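Colleague: Quick one, data_38.cif (mmCIF, C-alpha atoms):
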data_model
loop_
_atom_site.label_atom_id
_atom_site.label_comp_id
_atom_site.auth_asym_id
_atom_site.auth_seq_id
_atom_site.Cartn_x
_atom_site.Cartn_y
_atom_site.Cartn_z
CA MET F 1 -5.15 13.62 -18.41
CA PRO F 2 -1.82 15.15 -17.47
CA ALA F 3 -1.28 18.90 -17.00
CA TYR F 4 1.70 19.51 -19.26
CA ALA F 5 2.29 23.09 -18.09
CA ARG F 6 2.99 21.91 -14.56
CA PRO F 7 6.33 20.65 -13.22
CA HIS F 8 4.86 17.18 -12.65
CA PRO F 9 2.18 16.68 -15.32
CA ASN F 10 0.98 13.38 -13.89
CA PRO F 11 1.87 12.70 -10.25
CA ALA F 12 1.03 9.03 -10.81
CA ASP F 13 3.52 8.69 -13.68
CA GLN F 14 6.85 10.40 -13.18
CA ASN F 15 7.96 9.40 -16.67
CA ILE F 16 5.73 12.01 -18.28
CA ARG F 17 7.72 15.22 -18.62
CA PRO F 18 6.32 18.75 -18.90
CA LEU F 19 6.09 20.36 -22.31
CA SER F 20 7.21 23.84 -23.31
CA PRO F 21 4.64 26.35 -24.63
CA SER F 22 5.88 25.81 -28.19
CA GLU F 23 5.61 22.04 -27.84
CA ILE F 24 2.00 22.41 -26.68
CA SER F 25 1.35 24.56 -29.74
CA ASP F 26 2.87 21.85 -31.94
CA LEU F 27 0.58 19.25 -30.39
CA ILE F 28 -2.44 21.46 -31.04
CA GLU F 29 -1.47 21.76 -34.71
CA PHE F 30 -1.13 17.97 -34.91
CA LEU F 31 -4.62 17.54 -33.44
CA PHE F 32 -6.03 20.10 -35.86
CA ARG F 33 -4.49 18.13 -38.73
CA GLN F 34 -5.96 14.88 -37.38
CA GLN F 35 -9.37 16.55 -37.29
CA GLY F 36 -9.02 17.64 -40.91
CA ARG F 37 -8.74 21.31 -40.03
CA ALA F 38 -6.21 23.80 -41.39
CA ALA F 39 -2.94 23.42 -39.52
CA ASP F 40 0.67 24.49 -39.70
CA ALA F 41 2.33 21.54 -41.44
CA ALA F 42 5.75 21.82 -39.85
CA ALA F 43 4.33 22.30 -36.37
CA ALA F 44 1.91 19.40 -36.90
CA SER F 45 4.82 17.11 -37.81
CA ARG F 46 6.68 18.09 -34.66
CA GLY F 47 3.45 17.61 -32.73
CA ALA F 48 3.01 14.13 -34.20
CA ALA F 49 6.43 13.14 -32.91
CA LEU F 50 5.52 14.43 -29.45
CA TYR F 51 2.12 12.73 -29.54
CA SER F 52 3.61 9.31 -30.22
CA GLY F 53 6.75 9.98 -28.20
CA ASP F 54 7.66 12.05 -25.17
CA ALA F 55 4.22 13.44 -24.41
CA GLY F 56 2.82 9.91 -24.23
CA CYS F 57 -0.63 10.93 -25.54
CA TYR F 58 -0.84 7.75 -27.65
CA ASP F 59 -0.83 5.65 -24.52
CA CYS F 60 -4.45 6.55 -23.74
CA HIS F 61 -5.79 8.13 -26.93
CA SER F 62 -4.21 5.47 -29.23
CA LEU F 63 -1.70 6.07 -32.01
CA ASP F 64 -4.30 7.33 -34.50
CA ALA F 65 -5.78 9.70 -31.86
CA LYS F 66 -9.15 7.96 -32.17
CA GLY F 67 -9.30 7.22 -28.46
CA ASP F 68 -9.82 4.07 -26.46
CA SER F 69 -13.34 3.55 -25.16
CA ALA F 70 -12.18 0.70 -22.93
CA ILE F 71 -10.42 3.19 -20.67
CA GLY F 72 -12.67 6.16 -21.37
CA ALA F 73 -10.11 8.07 -23.43
CA PRO F 74 -12.05 10.13 -25.99
CA SER F 75 -11.20 10.46 -29.67
CA LEU F 76 -9.11 13.54 -30.42
CA ALA F 77 -9.54 13.07 -34.16
CA ASP F 78 -13.12 14.25 -34.52
CA ALA F 79 -15.00 17.50 -34.00
CA ILE F 80 -16.67 16.37 -30.78
CA THR F 81 -15.13 18.05 -27.75
CA LEU F 82 -15.91 17.29 -24.14
CA TYR F 83 -14.33 20.53 -22.91
CA GLY F 84 -14.50 23.91 -24.56
CA ASP F 85 -15.28 24.75 -28.16
CA GLY F 86 -12.44 22.91 -29.87
CA SER F 87 -10.51 26.11 -30.51
CA ARG F 88 -6.75 26.37 -30.10
CA ASP F 89 -7.30 28.20 -26.81
CA ALA F 90 -9.55 25.44 -25.48
CA LEU F 91 -7.09 22.74 -26.53
CA TYR F 92 -4.27 24.71 -24.92
CA GLN F 93 -6.26 24.82 -21.68
CA SER F 94 -6.79 21.05 -21.76
CA ILE F 95 -3.21 20.14 -22.60
CA ALA F 96 -1.56 22.71 -20.34
CA TYR F 97 -3.72 22.28 -17.26
CA GLY F 98 -5.16 18.78 -17.68
CA ARG F 99 -8.63 17.31 -17.32
CA GLN F 100 -10.10 15.08 -14.67
CA GLY F 101 -13.05 13.57 -16.50
CA VAL F 102 -13.33 10.17 -14.89
CA CYS F 103 -16.65 8.54 -14.13
CA PRO F 104 -16.69 7.41 -10.51
CA ALA F 105 -17.49 3.82 -9.63
CA TRP F 106 -21.22 3.50 -8.86
CA ILE F 107 -21.27 -0.23 -8.28
CA LYS F 108 -21.89 0.16 -4.55
CA LYS F 109 -24.34 3.03 -4.90
CA LEU F 110 -26.63 1.72 -7.60
CA GLY F 111 -28.15 -1.70 -8.09
CA ALA F 112 -27.85 -3.71 -11.29
CA PRO F 113 -31.29 -2.60 -12.59
CA ASP F 114 -30.41 1.10 -12.01
CA ILE F 115 -27.11 0.76 -13.80
CA ARG F 116 -28.83 -1.00 -16.67
CA GLU F 117 -31.46 1.75 -16.90
CA ILE F 118 -28.76 4.41 -17.02
CA ALA F 119 -26.93 2.45 -19.71
CA VAL F 120 -30.11 2.28 -21.76
CA TYR F 121 -30.71 6.00 -21.26
CA VAL F 122 -27.15 6.91 -22.32
CA TYR F 123 -27.44 4.62 -25.34
CA SER F 124 -30.76 6.21 -26.30
CA MET F 125 -29.17 9.67 -26.12
CA SER F 126 -26.27 8.65 -28.34
CA HIS F 127 -28.40 6.62 -30.80
CA PRO F 128 -31.57 8.67 -31.27
CA GLY F 129 -34.29 6.85 -33.17
CA GLU F 130 -32.98 3.35 -32.49
CA MET F 131 -34.83 2.86 -29.22
CA SER F 132 -38.37 3.65 -30.28
CA ASN F 133 -39.39 0.00 -30.66
CA ALA F 134 -37.29 -1.38 -27.86
CA ASP F 135 -39.01 -2.79 -24.83
CA MET J 1 -29.80 -42.98 23.58
CA SER J 2 -32.54 -41.52 21.43
CA ILE J 3 -32.67 -41.67 17.65
CA GLY J 4 -32.30 -37.85 17.50
CA ALA J 5 -29.13 -37.92 19.53
CA LEU J 6 -27.72 -40.66 17.29
CA ILE J 7 -28.46 -38.64 14.16
CA GLY J 8 -26.83 -35.61 15.75
CA LEU J 9 -23.73 -37.58 16.59
CA PHE J 10 -23.60 -38.99 13.08
CA LEU J 11 -23.84 -35.54 11.49
CA ALA J 12 -21.19 -34.14 13.83
CA GLY J 13 -18.88 -37.03 13.02
CA TYR J 14 -19.53 -36.69 9.31
CA SER J 15 -18.77 -33.00 9.46
CA LEU J 16 -15.64 -33.60 11.47
CA PHE J 17 -14.15 -36.18 9.16
CA THR J 18 -15.12 -34.75 5.79
CA ALA J 19 -14.00 -31.53 4.15
CA ARG J 20 -17.51 -30.38 3.36
CA GLY J 21 -18.93 -29.74 6.80
CA ALA J 22 -22.60 -29.19 7.54
CA SER J 23 -24.52 -26.54 5.73
CA THR J 24 -27.96 -25.33 4.92
CA LEU J 25 -29.57 -27.00 1.95
CA SER J 26 -31.63 -24.07 0.76
CA VAL J 27 -30.51 -21.20 -1.45
CA PRO J 28 -32.21 -17.85 -0.73
CA ALA J 29 -34.18 -16.35 -3.60
CA GLU J 30 -31.78 -13.42 -4.00
CA ASP J 31 -28.83 -15.78 -4.52
CA VAL J 32 -27.87 -18.38 -7.10
CA ALA J 33 -25.69 -20.58 -4.93
CA MET J 34 -24.28 -21.04 -1.47
CA VAL J 35 -20.62 -22.04 -1.21
CA ASN J 36 -19.70 -23.07 2.32
CA GLN J 37 -22.55 -20.87 3.54
CA GLN J 38 -21.27 -17.92 1.51
CA ALA J 39 -23.89 -16.58 -0.86
CA ILE J 40 -23.28 -15.89 -4.53
CA SER J 41 -25.73 -13.15 -5.32
CA ARG J 42 -28.20 -13.38 -8.15
CA SER J 43 -27.55 -9.79 -9.21
CA ASP J 44 -23.80 -10.43 -9.52
CA TYR J 45 -24.59 -13.56 -11.52
CA LEU J 46 -26.89 -11.67 -13.89
CA ILE J 47 -24.34 -8.90 -14.39
CA LEU J 48 -21.64 -11.41 -15.23
CA LEU J 49 -23.95 -13.25 -17.59
CA GLN J 50 -24.74 -9.98 -19.32
CA THR J 51 -21.10 -8.91 -19.42
CA LEU J 52 -19.80 -12.18 -20.83
CA TYR J 53 -22.56 -13.09 -23.26
CA GLY J 54 -24.71 -9.97 -23.62
CA VAL J 55 -27.88 -11.87 -22.68
CA ASP J 56 -30.27 -11.95 -19.75
CA LEU J 57 -31.18 -15.12 -17.90
CA SER J 58 -34.19 -15.95 -20.07
CA HIS J 59 -32.12 -15.76 -23.27
CA ALA J 60 -28.99 -17.51 -22.00
CA THR J 61 -28.30 -21.06 -23.09
CA ARG J 62 -27.88 -23.77 -20.50
CA GLU J 63 -24.14 -23.89 -21.25
CA GLN J 64 -23.81 -20.13 -20.75
CA ARG J 65 -25.64 -20.25 -17.43
CA GLN J 66 -23.58 -23.18 -16.25
CA LYS J 67 -20.28 -21.62 -17.33
CA VAL J 68 -20.96 -18.40 -15.44
CA LEU J 69 -22.16 -20.25 -12.35
CA ASN J 70 -19.13 -22.54 -12.37
CA ASP J 71 -16.78 -19.59 -12.76
CA MET J 72 -18.37 -17.81 -9.81
CA ILE J 73 -18.28 -20.91 -7.60
CA ARG J 74 -14.65 -21.46 -8.53
CA GLU J 75 -13.84 -17.86 -7.67
CA GLU J 76 -15.58 -18.13 -4.31
CA LEU J 77 -13.75 -21.37 -3.50
CA PHE J 78 -10.41 -19.79 -4.30
CA VAL J 79 -11.21 -16.66 -2.29
CA GLN J 80 -12.13 -18.81 0.69
CA ARG J 81 -8.95 -20.84 0.26
CA GLY J 82 -7.01 -17.58 0.11
CA LYS J 83 -8.50 -16.58 3.44
CA GLU J 84 -7.59 -19.98 4.91
CA LEU J 85 -4.03 -19.55 3.74
CA ASP J 86 -4.08 -15.99 5.11
CA LEU J 87 -2.60 -14.64 1.90
CA ALA J 88 -3.17 -11.09 3.16
CA SER J 89 -0.34 -11.69 5.61
CA SER J 90 2.20 -12.78 3.06
CA ASP J 91 1.31 -11.73 -0.49
CA PRO J 92 2.13 -8.07 -1.24
CA GLU J 93 -0.37 -7.98 -4.12
CA VAL J 94 -3.22 -9.23 -1.94
CA ARG J 95 -2.28 -6.71 0.74
CA SER J 96 -2.20 -3.92 -1.81
CA ALA J 97 -5.55 -4.98 -3.25
CA LEU J 98 -7.08 -5.02 0.23
CA VAL J 99 -5.72 -1.56 1.03
CA ASN J 100 -7.07 -0.21 -2.27
CA ALA J 101 -10.45 -1.82 -1.68
CA VAL J 102 -10.75 -0.40 1.83
CA GLU J 103 -9.68 3.05 0.63
CA LEU J 104 -12.32 2.88 -2.09
CA GLU J 105 -14.91 1.83 0.45
CA ILE J 106 -14.00 4.77 2.68
CA SER J 107 -14.01 7.23 -0.22
CA GLU J 108 -17.22 6.01 -1.78
CA ASN J 109 -19.46 8.80 -0.52
CA ALA J 110 -17.04 11.54 -1.51
CA ILE J 111 -16.41 10.03 -4.94
CA THR J 112 -20.06 9.85 -5.90
CA ALA J 113 -21.29 13.01 -4.15
CA GLN J 114 -22.26 15.90 -6.41
CA PRO J 115 -21.49 19.15 -4.58
CA ASN J 116 -23.69 22.08 -5.50
CA GLU J 117 -22.41 25.16 -7.28
CA ALA J 118 -22.34 27.32 -4.14
CA THR J 119 -20.10 24.78 -2.41
CA LEU J 120 -17.75 24.71 -5.38
CA ARG J 121 -17.64 28.49 -5.61
CA ASP J 122 -16.76 28.67 -1.91
CA TYR J 123 -13.98 26.18 -2.42
CA TYR J 124 -12.73 28.13 -5.45
CA ALA J 125 -12.72 31.39 -3.50
CA THR J 126 -10.87 29.82 -0.59
CA HIS J 127 -8.18 28.24 -2.76
CA GLN J 128 -7.93 30.79 -5.54
CA ASP J 129 -4.14 30.68 -5.59
CA ARG J 130 -4.35 27.21 -7.14
CA TYR J 131 -6.39 28.33 -10.11
CA VAL J 132 -3.93 30.44 -12.02
CA SER J 133 -2.18 29.94 -15.32
CA GLU J 134 1.51 29.10 -15.42
CA GLY J 135 3.54 32.20 -16.33
CA VAL J 136 5.54 32.12 -19.58
CA MET J 137 8.74 34.06 -20.22
CA ASN J 138 11.14 34.43 -23.11
CA VAL J 139 14.34 35.76 -21.60
CA ARG J 140 17.94 35.98 -22.76
CA ASP J 141 20.73 35.55 -20.27
CA TRP J 142 24.09 37.15 -21.03
CA VAL J 143 27.24 36.42 -19.04
CA PHE J 144 30.02 38.98 -18.80
CA PRO J 145 33.48 38.36 -17.40
CA ALA J 146 33.59 39.26 -13.72
CA GLY J 147 34.88 42.67 -12.78
CA GLY J 148 33.21 45.07 -15.16
CA PRO J 149 29.70 45.78 -13.88
CA ASP J 150 30.06 49.51 -14.52
CA ASP J 151 30.76 48.92 -18.22
CA ILE J 152 27.83 46.57 -18.40
CA ALA J 153 25.49 49.02 -16.74
CA ALA J 154 26.60 51.67 -19.18
CA ASN J 155 25.78 49.40 -22.11
CA ARG J 156 22.41 48.10 -20.92
CA GLU J 157 20.42 50.22 -23.33
CA ALA J 158 22.58 49.15 -26.25
CA LEU J 159 21.81 45.54 -25.39
CA LYS J 160 18.13 46.11 -26.08
CA SER J 161 18.82 46.72 -29.75
CA ALA J 162 18.98 43.55 -31.79
CA ALA J 163 21.54 45.12 -34.09
CA MET J 164 23.75 46.16 -31.20
CA ILE J 165 23.61 42.92 -29.23
CA PRO J 166 26.38 41.01 -31.06
CA GLU J 167 28.62 44.05 -31.20
CA THR J 168 28.11 44.94 -27.54
CA LEU J 169 28.58 41.36 -26.40
CA ALA J 170 31.82 41.11 -28.40
CA ARG J 171 33.13 44.42 -27.12
CA LEU J 172 32.48 43.39 -23.51
CA HIS J 173 33.76 39.82 -24.05
CA ALA J 174 30.36 38.44 -23.13
CA ARG J 175 28.37 35.40 -24.26
CA GLU J 176 24.86 34.00 -24.04
CA SER J 177 24.57 31.49 -21.25
CA GLY J 178 22.25 29.22 -23.28
CA LYS J 179 20.29 28.43 -20.14
CA THR J 180 16.97 29.38 -21.68
CA GLN J 181 15.47 28.73 -25.10
CA GLY J 182 12.43 30.58 -26.39
CA ASP J 183 9.19 30.61 -24.44
CA GLU J 184 9.45 28.76 -21.15
CA PHE J 185 6.98 28.19 -18.36
CA TYR J 186 8.00 29.85 -15.13
CA PHE J 187 8.80 26.57 -13.41
CA ALA J 188 11.10 25.58 -16.27
CA ALA J 189 12.78 28.99 -16.41
CA LYS J 190 13.35 28.79 -12.66
CA ILE J 191 15.07 25.42 -13.03
CA HIS J 192 17.18 26.62 -15.96
CA LEU J 193 18.16 30.04 -14.59
CA GLY J 194 18.42 29.16 -10.92
CA ASP J 195 16.59 30.91 -8.09
CA GLN J 196 18.55 34.16 -8.09
CA LEU J 197 18.32 34.92 -11.80
CA PHE J 198 14.70 33.77 -11.98
CA ALA J 199 13.72 36.06 -9.11
CA SER J 200 15.19 38.96 -11.04
CA ALA J 201 13.67 37.87 -14.37
CA ARG J 202 10.16 37.43 -13.00
CA ASP J 203 9.89 41.12 -12.22
CA LEU J 204 11.06 42.34 -15.64
CA SER J 205 8.53 43.73 -18.07
CA ASP J 206 8.63 43.12 -21.80
CA GLY J 207 11.77 44.69 -23.28
CA ALA J 208 13.42 45.39 -19.92
CA VAL J 209 17.08 44.65 -19.14
CA SER J 210 18.05 43.68 -15.61
CA ALA J 211 20.72 45.25 -13.46
CA PRO J 212 23.98 43.25 -13.48
CA ILE J 213 23.80 40.19 -11.24
CA GLN J 214 27.06 38.87 -9.89
CA GLN J 215 27.41 35.09 -9.91
CA SER J 216 30.34 32.69 -9.66
CA ASP J 217 30.71 32.38 -13.46
CA GLY J 218 30.57 36.11 -14.13
CA VAL J 219 28.11 38.96 -14.24
CA HIS J 220 24.69 38.10 -15.67
CA VAL J 221 22.36 40.48 -17.43
CA LEU J 222 18.86 39.38 -18.37
CA TYR J 223 16.94 40.73 -21.33
CA MET J 224 13.22 40.03 -21.14
CA LEU J 225 11.64 39.67 -24.57
CA THR J 226 8.16 38.73 -23.31
CA ASN J 227 6.88 38.01 -19.83
CA LYS J 228 3.32 36.70 -19.51
CA ARG J 229 2.62 36.64 -15.81
CA PRO J 230 0.29 34.07 -14.23
CA VAL J 231 -3.36 35.10 -14.42
CA PRO J 232 -6.22 33.71 -12.33
CA PHE J 233 -8.72 31.44 -14.09
CA ASP J 234 -12.32 32.51 -13.69
CA PHE J 235 -14.64 30.04 -12.00
CA ALA J 236 -16.09 28.68 -15.25
CA LYS J 237 -12.64 27.85 -16.58
CA ALA J 238 -11.44 26.42 -13.28
CA ARG J 239 -14.61 24.48 -12.43
CA PRO J 240 -13.47 20.97 -13.53
CA GLN J 241 -10.29 21.36 -11.53
CA VAL J 242 -12.20 22.83 -8.57
CA LEU J 243 -14.56 19.85 -8.55
CA ASN J 244 -11.66 17.44 -8.71
CA ASP J 245 -9.77 19.22 -5.92
CA TYR J 246 -12.91 19.43 -3.78
CA ARG J 247 -13.48 15.69 -4.16
CA ASN J 248 -9.86 14.82 -3.46
CA HIS J 249 -9.95 17.01 -0.37
CA ALA J 250 -13.10 15.24 0.85
CA ILE J 251 -11.55 11.84 0.11
CA ASP J 252 -8.38 12.75 1.99
CA GLN J 253 -10.42 13.86 4.97
CA LEU J 254 -12.41 10.62 5.01
CA LYS J 255 -9.25 8.54 4.72
CA ALA J 256 -7.55 10.50 7.48
CA GLY J 257 -10.62 10.11 9.72
CA ASP J 258 -10.77 6.38 9.17
CA GLU J 259 -7.07 5.93 9.71
CA SER J 260 -7.30 7.91 12.92
CA PHE J 261 -10.17 5.69 14.10
CA LEU J 262 -8.30 2.51 13.19
CA ARG J 263 -5.19 3.68 14.99
CA LYS J 264 -7.19 4.57 18.09
CA ARG J 265 -8.78 1.17 18.38
CA ALA J 266 -5.61 -0.75 17.48
CA ILE J 267 -2.93 -1.95 19.85
CA VAL J 268 0.38 -1.18 18.15
CA HIS J 269 3.73 -2.00 19.71
CA ILE J 270 6.82 -0.52 18.11
CA ALA J 271 10.32 -1.89 18.43
CA ASP J 272 12.57 -0.02 20.83
CA ASP J 273 15.03 1.11 18.17
CA LEU J 274 12.29 2.70 16.05
CA ARG J 275 10.49 4.61 18.75
#
Would you encode the structure as structure tokens?

Modeller:
Amino acid sequence: MPAYARPHPNPADQNIRPLSPSEISDLIEFLFRQQGRAADAAAASRGAALYSGDAGCYDCHSLDAKGDSAIGAPSLADAITLYGDGSRDALYQSIAYGRQGVCPAWIKKLGAPDIREIAVYVYSMSHPGEMSNAD
Amino acid sequence: MSIGALIGLFLAGYSLFTARGASTLSVPAEDVAMVNQQAISRSDYLILLQTLYGVDLSHATREQRQKVLNDMIREELFVQRGKELDLASSDPEVRSALVNAVELEISENAITAQPNEATLRDYYATHQDRYVSEGVMNVRDWVFPAGGPDDIAANREALKSAAMIPETLARLHARESGKTQGDEFYFAAKIHLGDQLFASARDLSDGAVSAPIQQSDGVHVLYMLTNKRPVPFDFAKARPQVLNDYRNHAIDQLKAGDESFLRKRAIVHIADDLR
């Protein structure tokens, strides 16, 4: 994801402009509100406009901030965080300096059976209890 | 002429005057079809079957199997036709796809390698200047009419007092430039203030007022409300970025190495006017 505290947040997309510190704070309040946590209402409203406007967050994380699994964009509307503890500081770090969490392509490194085994393993980790009778 | 020679001649003639040509009749066990001697692999077939219908071979219906197989044969035929037409020479999208595919092939090892922590820490230590926060400043920029720097210097302390600012500005016929607004990252403040004013602002501590700075539109005085200077990220905080940078560096090296090799073995002639 872009690093909004840098002059060129996303080198691959020159249309994404940097945000000011206060705009990043507004976005954080919006995300807090989406997660059902206490948030500054006015700042969250400004953050919502940024989210679905200039900041372009909606493009990957969808308009309701619930993410898009097809492109690996995580939900920002729940309490599960991939980076940090979900605090304002951690969100600031992510928005200001970006994240690079992209799974590399393993198609030429692993065979079909290996990929399938990994898929089953990941599924078993995310759905505990469902795999006990699977063969 | 022997029977064998006659059969050979017949096959050669058949191949010559039909589009199909001669080919092997057997399909290797690891493949599901041969299209003009090009194999369609069984593993690719099974993956596609799984992707499209969510079933393995034993659970797929005959129609599902046939659909996937037909799609793959069609794709192979069109790819082969594309090669015959030499689309890579004329179609920008095909050229771009080929370049991307070759770059991915070159980068494969670097993309999937998992460097150990010691390697990452070394990289972090070597490139520590990259892993710092962006500074943030909240600075006010006042512009005074040219010609009175002594008066301005004499009133610098008064300008620190919120109550005195409007009065002092009015008395000295000054105004706020409006170049900055609230907290700004350093890079933004630099763009808004310009290099000269930013260089002066960056060194100001919280609450400090700069010496008068002569510019074409008057004399500028900066009042720094807050100045949070860039601070280095510790390794734990920087690690995701370090890993990404390390990988990109490795990928760039691989690409550069391959390009160098390709250039060495290629014969490239350049037009006289572009040499």

Colleague: Restricting the calculation to only C-alpha atoms, which member of F:Gly86, F:Pro9, F:Pro18, F:Gly129 is positioned closest to chain J?

Modeller: F:Pro18

Colleague: Pick out the closest residue to chain J from this set: F:Phe30, F:Tyr51, F:Tyr58, F:Trp106. Count all atoms listed in the file.

Modeller: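 Closest residue, counting all atoms listed in the file: F:Trp106.
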
Colleague: Written as a ChimeraX atom specification, which residues does the PyMOL selection byres ((chain J) within 9 of (chain F)) give for the file shown?

Modeller: /J:43-44,46-47,105,108-109,111-112,133-134,136,182-185,187-188,237,240-241,243-244

Colleague: Smallest atom-to-atom distance to F:Thr81: which of F:Tyr121, F:Gly56, F:Leu31, F:Ala44, using all atoms listed in the file?

Modeller: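 Of F:Tyr121, F:Gly56, F:Leu31, F:Ala44, the one nearest F:Thr81, counting all atoms listed in the file, is F:Leu31.
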
Colleague: Given the PyMOL selection byres ((chain J and resi 174) around 7) and the file above, list the residues it selects as a PyMOL selection string.

Modeller: chain J and resi 142-145+169-170+172-173+175

Colleague: For the selection you just gave me, I'd like the residues written to a file as a PDB file, keeping the file's coordinate frame, keeping C-alpha atoms.

Modeller:
ATOM      1  CA  TRP J 142      24.090  37.150 -21.030  1.00  0.00           C
ATOM      2  CA  VAL J 143      27.240  36.420 -19.040  1.00  0.00           C
ATOM      3  CA  PHE J 144      30.020  38.980 -18.800  1.00  0.00           C
ATOM      4  CA  PRO J 145      33.480  38.360 -17.400  1.00  0.00           C
ATOM      5  CA  LEU J 169      28.580  41.360 -26.400  1.00  0.00           C
ATOM      6  CA  ALA J 170      31.820  41.110 -28.400  1.00  0.00           C
ATOM      7  CA  LEU J 172      32.480  43.390 -23.510  1.00  0.00           C
ATOM      8  CA  HIS J 173      33.760  39.820 -24.050  1.00  0.00           C
ATOM      9  CA  ARG J 175      28.370  35.400 -24.260  1.00  0.00           C
TER      10      ARG J 175
END

Colleague: Write out as a list in words each polymer residue whose atoms come within 12 Å of stretch 128-131 of chain J, counting only C-alpha atoms; drop sequence neighbours fewer than 4 positions from it.

Modeller: Arg6 and Tyr97 of chain F; Leu120, Arg121, Asp122, Tyr123, Tyr124, Pro230, Val231, Pro232, Phe233, Asp234, Phe235, Ala236, Lys237, Ala238, Arg239, Pro240, Gln241, Val242, Leu243 and Asp245 of chain J

Colleague: When you look at J:Ser210 with a cut-off of 8 Å (counting all atoms listed in the file), what residues show up, excluding the ones that are within fewer than 6 positions of it in the same chain? I need them as a list in words.

Modeller: Ser200, Ala201, Leu204, Val221, Leu222 and Tyr223 of chain J

Colleague: Which residues, written as a CSV table (one decimal) with C-alpha atoms, in the coordinates of the input, have at least one atom at most 8 Å from J:Ile73, with all atoms listed in the file counted and residues fewer than 6 positions away on the same chain left out?

Modeller:
chain,number,residue,atom,x,y,z
J,33,ALA,CA,-25.7,-20.6,-4.9
J,35,VAL,CA,-20.6,-22.0,-1.2
J,40,ILE,CA,-23.3,-15.9,-4.5

Colleague: Suppose a student applies the PyMOL selection byres ((chain F and resi 32-41) around 9) to this structure; what residues should they get, written as a VMD selection string?

Modeller: chain F and resid 26 to 31 42 to 46 64 to 65 76 to 79 88

Colleague: Output C-alpha atoms of each residue in that selection to a file, as a short mmCIF file (atom, residue, chain, number, x, y, z; two decimals), in the coordinates of the input.

Modeller:
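Done, and the output landed in part_14.cif:
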data_model
loop_
_atom_site.label_atom_id
_atom_site.label_comp_id
_atom_site.auth_asym_id
_atom_site.auth_seq_id
_atom_site.Cartn_x
_atom_site.Cartn_y
_atom_site.Cartn_z
CA ASP F 26 2.87 21.85 -31.94
CA LEU F 27 0.58 19.25 -30.39
CA ILE F 28 -2.44 21.46 -31.04
CA GLU F 29 -1.47 21.76 -34.71
CA PHE F 30 -1.13 17.97 -34.91
CA LEU F 31 -4.62 17.54 -33.44
CA ALA F 42 5.75 21.82 -39.85
CA ALA F 43 4.33 22.30 -36.37
CA ALA F 44 1.91 19.40 -36.90
CA SER F 45 4.82 17.11 -37.81
CA ARG F 46 6.68 18.09 -34.66
CA ASP F 64 -4.30 7.33 -34.50
CA ALA F 65 -5.78 9.70 -31.86
CA LEU F 76 -9.11 13.54 -30.42
CA ALA F 77 -9.54 13.07 -34.16
CA ASP F 78 -13.12 14.25 -34.52
CA ALA F 79 -15.00 17.50 -34.00
CA ARG F 88 -6.75 26.37 -30.10
#

Colleague: What does the distance from atom CA of F:Ser94 to atom CA of F:Ile16 come to in Å, to one decimal?

Modeller: 15.8 Å

Colleague: Do you have the atom CA of J:His192-atom CA of J:Gly178 distance handy?

Modeller: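 Computing it gives 9.3 Å between the two atoms.
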
Colleague: F:Ser25, F:Ala49, F:Pro74, F:Gly67: which is nearest F:Ser87, counting only C-alpha atoms?

Modeller: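 Of all the options, F:Ser25 lies closest to F:Ser87.
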
Colleague: Using all atoms listed in the file, which residues sit within 8 Å of J:Ser205 once same-chain residues fewer than 5 positions away are excluded, as JSON, numbers by chain?

Modeller: {"J": [224, 226, 227]}

Colleague: Residues at most 12 Å from J:Arg95, counting only C-alpha atoms, excluding those fewer than 6 positions away in the same chain, as a VMD selection string?

Modeller: chain J and resid 82 to 83 86 to 89 101 to 102

Colleague: One decimal, in Å: what's the spacing between atom CA of J:Lys160 and atom CA of J:Gly207?

Modeller: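 Atom CA of J:Gly207 lies at a distance of 7.1 Å from atom CA of J:Lys160.
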
Colleague: Please give the centre and size of the box around stretch 18-33 of chain F (axis-aligned, containing every atom listed in the file, 5 Å added per side), with values in Å to one decimal and written as lines of an AutoDock Vina configuration file.

Modeller:
center_x = 0.6
center_y = 21.9
center_z = -28.8
size_x = 23.2
size_y = 18.8
size_z = 29.8
